[in-house]
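Peer 1: Below you'll find entry_10.txt; it's compact mmCIF, C-alpha atoms.
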```
# COMPACT_ATOMS: atom_id res chain seq x y z
CA MET U 178 99.57 68.30 80.36
CA ARG U 179 97.04 66.47 78.18
CA SER U 180 95.24 68.09 75.26
CA ILE U 181 91.66 69.31 75.60
CA SER U 182 90.48 66.37 73.46
CA ASP U 183 91.91 63.99 76.08
CA ILE U 184 89.88 65.71 78.80
CA ILE U 185 86.52 66.66 77.23
CA ASP U 186 84.33 64.27 75.23
CA LEU U 187 84.37 66.27 72.00
CA GLN U 188 82.60 63.54 70.06
CA ARG U 189 79.55 64.01 72.23
CA TYR U 190 80.01 67.76 72.66
CA PRO U 191 81.57 69.25 69.47
CA ILE U 192 82.70 72.47 71.09
CA ASP U 193 85.86 72.41 68.97
CA ARG U 194 83.59 72.67 65.89
CA LEU U 195 81.21 75.44 66.92
CA ASP U 196 80.27 76.33 63.33
CA SER U 197 79.27 72.77 62.50
CA PRO U 198 75.62 71.65 62.19
CA GLU U 199 76.14 69.29 65.14
CA ALA U 200 77.23 72.16 67.39
CA ALA U 201 74.34 74.33 66.20
CA ASP U 202 71.90 71.56 67.13
CA LEU U 203 73.51 71.21 70.56
CA ILE U 204 73.32 74.95 71.20
CA ALA U 205 69.63 75.01 70.22
CA ILE U 206 68.88 72.12 72.59
CA CYS U 207 70.70 73.93 75.39
CA GLN U 208 68.81 77.16 74.79
CA GLU U 209 65.51 75.31 74.91
CA ALA U 210 66.50 73.57 78.16
CA LEU U 211 67.41 76.89 79.79
CA ASP U 212 64.12 78.43 78.70
CA ASP U 213 62.07 75.47 79.93
CA THR U 214 63.88 74.38 83.09
CA ALA U 215 66.62 77.00 83.78
CA LEU U 216 69.15 74.13 83.71
CA CYS U 217 71.31 72.70 80.95
CA ARG U 218 73.23 69.50 81.74
CA PHE U 219 76.21 67.96 79.94
CA PRO U 220 76.62 64.46 81.43
CA GLY U 221 79.93 62.77 80.71
CA PHE U 222 81.47 66.09 79.70
CA ILE U 223 84.78 65.09 81.27
CA LYS U 224 86.15 61.76 80.12
CA PRO U 225 86.42 59.13 82.90
CA ASN U 226 90.22 58.87 82.90
CA ALA U 227 90.59 62.63 82.92
CA LEU U 228 88.05 62.92 85.73
CA GLU U 229 90.04 60.50 87.87
CA MET U 230 93.17 62.54 87.25
CA ILE U 231 91.45 65.83 88.12
CA VAL U 232 90.00 64.45 91.35
CA ARG U 233 93.40 63.16 92.44
CA GLU U 234 94.92 66.49 91.50
CA VAL U 235 92.47 68.67 93.44
CA SER U 236 91.90 66.45 96.49
CA SER U 237 95.23 67.54 97.93
CA LEU U 238 93.87 71.10 98.15
CA GLU U 239 91.08 70.29 100.61
CA ASP U 240 93.13 70.91 103.75
CA ALA U 241 94.00 74.41 102.52
CA ALA U 242 90.40 75.30 101.65
CA TYR U 243 88.72 78.28 103.33
CA PRO U 244 85.82 77.30 105.63
CA TYR U 245 82.49 79.04 105.12
CA GLU U 246 79.58 78.70 107.55
CA ALA U 247 76.55 80.94 107.89
CA SER U 248 72.79 81.05 108.21
CA ARG U 249 71.36 83.12 105.38
CA CYS U 250 68.01 83.92 103.87
CA ALA U 251 67.17 82.77 100.35
CA TYR U 252 67.13 86.32 99.04
CA LEU U 253 69.93 88.81 98.63
CA GLU U 254 68.31 90.98 101.29
CA ARG U 255 65.91 90.46 104.19
CA ASP U 256 62.69 92.43 104.45
CA ASP U 257 62.37 93.59 108.03
CA THR U 258 58.76 94.64 107.46
CA LEU U 259 57.93 90.92 107.25
CA PRO U 260 58.01 88.41 110.14
CA ASP U 261 61.06 86.23 110.75
CA ASP U 262 59.17 83.09 109.66
CA HIS U 263 58.23 84.62 106.31
CA PRO U 264 59.85 82.78 103.35
CA ARG U 265 61.86 85.90 102.60
CA ASN U 266 63.46 85.98 106.05
CA LEU U 267 63.90 82.32 106.96
CA GLY U 268 67.50 81.35 107.65
CA HIS U 269 69.08 78.43 105.79
CA SER U 270 72.32 76.73 106.78
CA CYS U 271 75.30 77.09 104.48
CA LYS U 272 78.52 75.22 105.24
CA TYR U 273 81.41 74.01 103.08
CA ARG U 274 85.11 74.59 102.39
CA GLN U 275 86.18 76.60 99.37
CA VAL U 276 89.38 76.53 97.31
CA LEU U 277 90.10 79.80 95.52
CA SER U 278 91.62 80.33 92.10
CA HIS U 279 95.06 81.33 93.31
CA GLN U 280 95.35 77.94 95.06
CA ILE U 281 94.76 75.99 91.83
CA SER U 282 97.81 75.31 89.68
CA ASN U 283 98.01 77.03 86.29
CA SER U 284 99.04 73.67 84.84
CA SER U 285 96.08 71.75 86.27
CA GLU U 286 93.69 70.02 83.91
CA LEU U 287 90.78 71.71 85.64
CA ARG U 288 92.20 75.10 84.71
CA THR U 289 92.85 73.84 81.19
CA VAL U 290 89.12 73.23 80.81
CA TYR U 291 88.11 76.59 82.27
CA SER U 292 90.68 78.53 80.23
CA TRP U 293 89.76 76.96 76.88
CA PRO U 294 88.47 79.88 74.72
CA ALA U 295 86.08 77.65 72.74
CA LEU U 296 84.20 76.79 75.94
CA THR U 297 83.63 80.47 76.68
CA GLU U 298 82.41 81.02 73.13
CA PHE U 299 80.10 78.00 73.48
CA PHE U 300 78.44 79.52 76.53
CA ARG U 301 78.22 82.90 74.81
CA ARG U 302 76.27 81.36 71.96
CA ILE U 303 73.95 79.46 74.28
CA LEU U 304 73.25 82.59 76.31
CA ASN U 305 72.93 84.68 73.13
CA VAL U 306 74.93 87.60 74.49
CA ASP U 307 77.18 89.87 72.45
CA ARG U 308 80.30 89.23 74.51
CA LEU U 309 81.46 86.85 77.22
CA TYR U 310 84.80 86.69 79.00
CA GLN U 311 86.44 84.51 81.61
CA SER U 312 86.81 86.34 84.88
CA VAL U 313 90.37 87.48 85.57
CA CYS U 314 89.83 87.60 89.33
CA PRO U 315 92.90 85.97 90.94
CA HIS U 316 90.74 84.58 93.75
CA MET U 317 87.23 83.82 92.44
CA SER U 318 87.52 83.14 88.70
CA LEU U 319 87.87 79.38 89.23
CA THR U 320 86.84 77.92 92.60
CA MET U 321 85.96 74.58 94.18
CA HIS U 322 83.64 73.61 97.01
CA PHE U 323 84.41 70.64 99.28
CA ALA U 324 81.46 69.40 101.36
CA ARG U 325 81.55 66.63 103.98
CA GLU U 326 79.07 65.20 106.50
CA GLY U 327 76.71 67.91 107.75
CA ASP U 328 77.73 70.40 105.07
CA GLY U 329 75.37 71.84 102.47
CA ASN U 330 74.30 74.99 100.69
CA GLY U 331 70.89 76.18 101.88
CA TRP U 332 68.00 77.48 99.83
CA HIS U 333 68.83 80.62 97.85
CA TYR U 334 68.53 82.52 94.60
CA ASP U 335 71.63 83.60 92.69
CA GLY U 336 72.43 87.27 92.29
CA ASN U 337 74.13 86.70 88.92
CA ASP U 338 72.62 85.79 85.55
CA PHE U 339 74.01 82.26 85.31
CA VAL U 340 76.36 79.77 86.97
CA VAL U 341 78.62 77.20 85.31
CA SER U 342 79.67 74.28 87.50
CA LEU U 343 81.42 70.95 87.05
CA LEU U 344 80.68 68.12 89.48
CA LEU U 345 83.95 66.31 90.14
CA GLN U 346 82.95 63.92 92.93
CA ALA U 347 79.68 63.00 94.65
CA SER U 348 79.25 61.96 98.27
CA GLU U 349 77.77 58.56 99.09
CA GLN U 350 74.80 60.12 100.94
CA GLY U 351 73.10 63.48 100.40
CA GLY U 352 74.57 66.39 98.52
CA GLU U 353 71.98 66.31 95.73
CA PHE U 354 71.27 69.51 93.83
CA GLU U 355 67.62 70.40 94.35
CA TYR U 356 65.65 73.24 92.77
CA ALA U 357 62.28 74.70 91.79
CA PRO U 358 62.51 75.91 88.18
CA ASN U 359 61.30 79.49 87.74
CA VAL U 360 59.35 79.41 90.99
CA ARG U 361 59.20 83.21 90.95
CA SER U 362 59.12 85.81 88.20
CA LYS U 363 60.62 89.26 87.79
CA THR U 364 57.28 90.78 88.79
CA ASP U 365 55.95 88.29 91.37
CA GLU U 366 57.88 86.71 94.25
CA CYS U 367 55.25 83.93 94.53
CA TYR U 368 55.90 83.56 98.25
CA GLU U 369 53.28 80.83 98.69
CA ALA U 370 54.97 78.64 96.09
CA VAL U 371 58.38 79.37 97.62
CA SER U 372 57.06 78.34 101.02
CA ASP U 373 55.77 75.07 99.54
CA VAL U 374 59.23 74.29 98.14
CA ILE U 375 60.99 74.99 101.43
CA ASN U 376 58.47 73.06 103.54
CA ASP U 377 57.99 70.06 101.24
CA PRO U 378 60.82 69.73 98.70
CA ASP U 379 59.98 66.08 98.06
CA GLN U 380 56.77 67.25 96.40
CA PHE U 381 57.59 70.70 95.07
CA ALA U 382 61.29 70.55 94.08
CA GLU U 383 63.22 68.62 91.47
CA ARG U 384 66.45 66.64 91.91
CA PRO U 385 68.04 66.25 88.50
CA THR U 386 70.53 63.46 88.06
CA LEU U 387 74.06 64.84 88.19
CA GLU U 388 76.82 62.28 87.90
CA PRO U 389 80.50 63.17 88.41
CA GLY U 390 81.91 64.59 85.20
CA THR U 391 78.70 66.51 84.47
CA LEU U 392 78.99 70.15 83.47
CA THR U 393 75.95 72.36 84.14
CA LEU U 394 74.81 75.80 83.01
CA PHE U 395 72.16 77.11 85.41
CA LYS U 396 70.12 80.28 85.63
CA GLY U 397 69.36 80.53 89.32
CA ASP U 398 68.05 84.07 89.67
CA LEU U 399 64.39 82.95 89.48
CA SER U 400 64.82 79.31 90.51
CA LEU U 401 65.10 78.58 94.24
CA HIS U 402 67.81 75.98 94.79
CA ARG U 403 70.11 74.31 97.29
CA VAL U 404 72.58 71.48 97.80
CA ARG U 405 71.01 69.03 100.22
CA PRO U 406 72.96 68.32 103.43
CA ILE U 407 75.68 65.71 103.14
CA GLY U 408 75.02 62.50 105.02
CA SER U 409 77.48 59.99 106.45
CA THR U 410 80.15 59.68 103.79
CA ALA U 411 83.76 58.66 103.36
CA ARG U 412 84.40 61.07 100.50
CA PRO U 413 83.56 64.75 100.06
CA ARG U 414 81.35 66.22 97.40
CA ILE U 415 83.62 68.29 95.13
CA ILE U 416 82.31 70.79 92.62
CA ALA U 417 84.15 73.41 90.56
CA VAL U 418 82.62 76.76 89.64
CA PHE U 419 83.65 78.71 86.52
CA SER U 420 83.09 82.49 86.53
CA TYR U 421 82.37 84.59 83.45
CA ASP U 422 81.21 88.13 82.74
CA GLU U 423 79.96 90.13 79.77
CA GLN U 424 82.60 92.77 80.48
CA PRO U 425 86.36 92.18 80.10
CA GLY U 426 88.68 92.35 83.10
CA HIS U 427 86.06 91.24 85.61
CA VAL U 428 87.18 90.86 89.24
CA PHE U 429 85.09 90.30 92.34
CA PRO U 430 84.85 93.10 94.94
CA GLN U 431 87.58 92.94 97.57
CA GLY U 432 85.03 92.96 100.37
CA TYR U 433 83.40 89.86 98.95
CA ILE U 434 86.76 88.11 98.63
CA ASP U 435 87.64 89.02 102.22
CA GLU U 436 84.36 87.58 103.47
CA VAL U 437 84.86 84.33 101.55
CA ARG U 438 88.30 84.05 103.14
CA GLY U 439 86.83 84.67 106.60
CA ILE U 440 88.47 88.07 107.02
CA ALA U 441 85.13 89.86 107.49
CA ALA U 442 81.59 88.91 108.54
CA SER U 443 80.05 86.23 106.36
CA HIS U 444 77.41 86.90 103.71
CA ASP U 445 75.60 85.07 100.91
CA PRO U 446 78.27 83.85 98.43
CA GLY U 447 75.75 83.70 95.63
```
What's the structure tokens form of this structure?
Peer 2:
Amino acid sequence: MRSISDIIDLQRYPIDRLDSPEAADLIAICQEALDDTALCRFPGFIKPNALEMIVREVSSLEDAAYPYEASRCAYLERDDTLPDDHPRNLGHSCKYRQVLSHQISNSSELRTVYSWPALTEFFRRILNVDRLYQSVCPHMSLTMHFAREGDGNGWHYDGNDFVVSLLLQASEQGGEFEYAPNVRSKTDECYEAVSDVINDPDQFAERPTLEPGTLTLFKGDLSLHRVRPIGSTARPRIIAVFSYDEQPGHVFPQGYIDEVRGIAASHDPG
């Protein structure tokens, strides 16, 4: 297993020197980006050689991935007092295959990145919370999504405070992350603006550049977002998701895990 310095570009991102002036500057830039756009990007976070190794390592897991397919609304709950064509109740296609944490080797370089304590502390400082812990859930702490032609992740808001993801491989066509930063507020759902995004994303949504090897920290509770449908492609889009919580010992509810694994009726995976 290679050292963390062989995997992460620590010259560009001095996470191993969190008390240095360079790290303080980086954290301040990240905080400003989250405030302004709800998205903080770290392009080239994974070194090219390490990225190639990780992709080879995880690609063998695709056949064992759990399929997920559902039509869901963008919100955590429908509002049956509103019509079906209201932005709150519109269904959006969601389809991909998901690898769960227990399927990923403890010796994998991907897990080495997720398990690095300094990375957790880096996010804690950016988010300015008192405590932050890696999830200990044996199934959902570290996951990956594989998406091929026709797959995607329809418009939705996240139910959690933030999401950390690492793009490992892009498809040749489609699969772009698309979002409307802070399109709603905690006091106003701004349904007209939401409808504009859904009906005309070319005008009302943003598609930030995300190259393989890019780590992202995203606050998606107020920012409508999706992964655009994958087009004709020879390779899948592969993205890893790192889970954290402000409380120690975090695990996902068993019902949620069962639904992800297809044991129960599907729901919004967040």
Peer 1: Distance atom CA of U:Asp202-atom CA of U:Leu304, one decimal place?
Peer 2: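 Atom-to-atom, atom CA of U:Asp202 to atom CA of U:Leu304, that is 14.4 Å.
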Peer 1: Which residue, U:Ser372, U:Met321, U:Pro225, U:Ala242, has the smallest gap to U:Ala417 when you use only C-alpha atoms?
Peer 2: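 Looking only at the distances to U:Ala417, the closest residue turns out to be U:Met321.
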Peer 1: For each of U:Cys217, U:Ile434, U:Tyr368, U:Gln311, take the minimum atom-to-atom distance to U:Leu259, counting only C-alpha atoms, then give the residue where this is smallest.
Peer 2: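 Selected residue with least distance to U:Leu259: U:Tyr368.
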Peer 1: Quick check, in Å to one decimal: how far apart do atom CA of U:Val437 and atom CA of U:Ala227 lie?
Peer 2: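 Between these atoms lies a distance of 29.2 Å.
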Peer 1: Tell me, counting all atoms listed in the file, for each residue of stretch 376-432 of chain U within 9 Å of stretch 347-366 of chain U, which pair of atoms is nearest and how far apart they are in Å to one decimal, in rows ordered by chain and increasing number, as a tab-separated table.
Peer 2:
```
residue	atom	partner	partner_atom	distance
U:Pro378	CA	U:Glu355	CA	8.1
U:Phe381	CA	U:Ala357	CA	7.0
U:Ala382	CA	U:Ala357	CA	4.8
U:Glu383	CA	U:Tyr356	CA	5.4
U:Arg384	CA	U:Glu355	CA	4.6
U:Pro385	CA	U:Phe354	CA	7.0
U:Thr386	CA	U:Glu353	CA	8.3
U:Leu387	CA	U:Phe354	CA	7.8
U:Glu388	CA	U:Ala347	CA	7.4
U:Pro389	CA	U:Ala347	CA	6.3
U:Gly397	CA	U:Asn359	CA	8.3
U:Asp398	CA	U:Asn359	CA	8.4
U:Leu399	CA	U:Asn359	CA	5.0
U:Ser400	CA	U:Asn359	CA	4.5
U:Leu401	CA	U:Ala357	CA	5.4
U:His402	CA	U:Tyr356	CA	4.0
U:Arg403	CA	U:Glu355	CA	5.5
U:Val404	CA	U:Phe354	CA	4.6
U:Arg405	CA	U:Gly352	CA	4.7
U:Pro406	CA	U:Gly352	CA	5.5
U:Ile407	CA	U:Gly351	CA	4.4
U:Gly408	CA	U:Gln350	CA	4.7
U:Ser409	CA	U:Gln350	CA	6.1
U:Thr410	CA	U:Glu349	CA	5.4
U:Ala411	CA	U:Glu349	CA	7.4
U:Arg412	CA	U:Ser348	CA	5.7
U:Pro413	CA	U:Ser348	CA	5.4
U:Arg414	CA	U:Ala347	CA	4.6
U:Ile415	CA	U:Ala347	CA	6.6
U:Ile416	CA	U:Ala347	CA	8.5
```
Peer 1: Would you write out, as a tab-separated table, a table of all residues in stretch 312-375 of chain U that have an atom no more than 7 Å from an atom of stretch 421-427 of chain U, listing for each the closest atom pair and the distance in Å to one decimal, considering only C-alpha atoms and ordering rows by chain and rising residue number?
Peer 2:
```
residue	atom	partner	partner_atom	distance
U:Ser312	CA	U:Tyr421	CA	5.0
U:Val313	CA	U:Gly426	CA	5.7
U:Cys314	CA	U:His427	CA	6.4
```
Peer 1: Nearest to U:Ala215 among U:Leu394, U:Tyr291, U:Ser284, U:His316, with distances taken over all atoms listed in the file: which residue is it?
Peer 2: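 Among the listed residues, the smallest separation from U:Ala215 belongs to U:Leu394.
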Peer 1: Which of these residues is nearest to U:Asp183, using all atoms listed in the file: U:Leu253, U:Ile206, U:Val290, U:Ala200?
Peer 2: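 Between U:Leu253, U:Ile206, U:Val290, U:Ala200, the residue approaching U:Asp183 most closely is U:Val290.
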Peer 1: So that I can see what lies close to stretch 192-198 of chain U, please list as a list in words the residues with an atom at most 12 Å from it, counting all atoms listed in the file and leaving out residues fewer than 3 positions away in the same chain.
Peer 2: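 That gives Ile181, Ser182, Ile185, Asp186, Leu187, Gln188, Arg189, Ala201, Asp202, Leu203, Ile204, Ala205, Phe219, Phe222, Val290, Trp293, Pro294, Ala295, Leu296, Thr297, Glu298, Phe299, Phe300, Arg301, Arg302 and Ile303 of chain U.
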Peer 1: Please provide the set of residues having any atom within 9 Å of stretch 271-278 of chain U, restricted to only C-alpha atoms, with same-chain residues fewer than 5 positions apart removed, written as a VMD selection string.
Peer 2: chain U and resid 238 to 249 314 to 325 327 to 332 437 to 438 445
Peer 1: Nearest residue to U:Asn266 out of U:Asp213, U:Glu254, U:Arg233, U:Gly221, using all atoms listed in the file?
Peer 2: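 Of U:Asp213, U:Glu254, U:Arg233, U:Gly221, the one nearest U:Asn266 is U:Glu254, counting all atoms listed in the file.
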Peer 1: Please determine, counting only C-alpha atoms, which residue among U:Lys396, U:Phe339, U:Tyr334, U:Leu309 has the shortest atom-to-atom distance to U:Tyr252.
Peer 2: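 Of U:Lys396, U:Phe339, U:Tyr334, U:Leu309, the one nearest U:Tyr252 is U:Tyr334, counting only C-alpha atoms.
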